[in-house]
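> A single structure is presented below for examination.
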Amino acid sequence: MHADPNRTVAAYLNAWPGAKALVLKPTTMARYRDYVRNDLIPAFGTLKLAHRHISAYVTCQLAGPRPDQGKPSGSTGMMST
């Protein structure tokens with residue numbers, strides 16, 4: 001899937017599951033769709049793919065604990081906006 005820097009994050013993320021649906025488990029896809037809908041699109045949907053805030057967000061997420069490590073039950077591990 002081509003990441004066109006003129007495309008918005010929302011447009012890319014809405015198309016992305018179709019490209020991954022055949023290689024990921026249904027439960028993984030459901031969790032990814034929840035992250036996209038509840039966390040990523042509200043935070044970054046109007047930004048262009050090349051925007052520096054996306055890189056900062058990813059860096060922050062990778063530096064923090066995984067959702068299944070040290071987080072209360074029900075926490076997604078996503079940064080709130």
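Residues are referred to by chain and number: the chain letter is A, B, ... according to the order shown in the structure tokens, the number counts from 1 in that chain, and ligands are numbered separately from 1 in the order shown.
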Using the chain letters and numbers from this document, which residues of segment 4-41 of chain A does DSSP assign to alpha helix (DSSP H), as a VMD selection string?

chain A and resid 9 to 20 26 to 35 41

> Could you give me, as a list in words, the residues within 7 Å of segment 4-19 of chain A, counting only C-alpha atoms and dropping anything in the same chain fewer than 3 positions from it?

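Final neighbour list, sorted by chain and number: Val36, Ile41, Phe44, Gly45, Thr46, Leu47, Lys48, Leu49 and Ala50 of chain A.
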
> Include N, CA and C atoms and write out the residues we just selected as a tab-separated table (two decimals), in the first residue's frame.


chain	number	residue	atom	x	y	z
A	36	VAL	N	-7.65	2.20	15.40
A	36	VAL	CA	-7.76	3.17	14.31
A	36	VAL	C	-8.95	4.10	14.55
A	41	ILE	N	-7.51	7.94	14.32
A	41	ILE	CA	-8.22	8.89	13.48
A	41	ILE	C	-8.63	10.14	14.26
A	44	PHE	N	-5.21	12.07	14.63
A	44	PHE	CA	-4.40	12.43	13.47
A	44	PHE	C	-5.13	12.43	12.14
A	45	GLY	N	-6.41	12.18	12.13
A	45	GLY	CA	-7.15	11.99	10.90
A	45	GLY	C	-7.02	13.08	9.86
A	46	THR	N	-6.93	14.34	10.28
A	46	THR	CA	-6.86	15.45	9.32
A	46	THR	C	-5.45	15.78	8.88
A	47	LEU	N	-4.45	15.19	9.53
A	47	LEU	CA	-3.06	15.47	9.18
A	47	LEU	C	-2.66	14.72	7.91
A	48	LYS	N	-1.67	15.23	7.23
A	48	LYS	CA	-1.09	14.55	6.08
A	48	LYS	C	-0.14	13.46	6.58
A	49	LEU	N	0.04	12.42	5.80
A	49	LEU	CA	0.88	11.29	6.22
A	49	LEU	C	2.31	11.68	6.56
A	50	ALA	N	2.84	12.71	5.97
A	50	ALA	CA	4.22	13.10	6.20
A	50	ALA	C	4.39	13.96	7.44

> So how far away is atom CA of Leu22 of chain A from atom CA of Gly64 of chain A, in Å?

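One can read the atom CA of Gly64 of chain A to atom CA of Leu22 of chain A distance as 29.2 Å.
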
> Which distance in Å separates atom CA of Ala43 of chain A and atom CA of Val58 of chain A, to one decimal?

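Distance between the two atoms: 12.3 Å.
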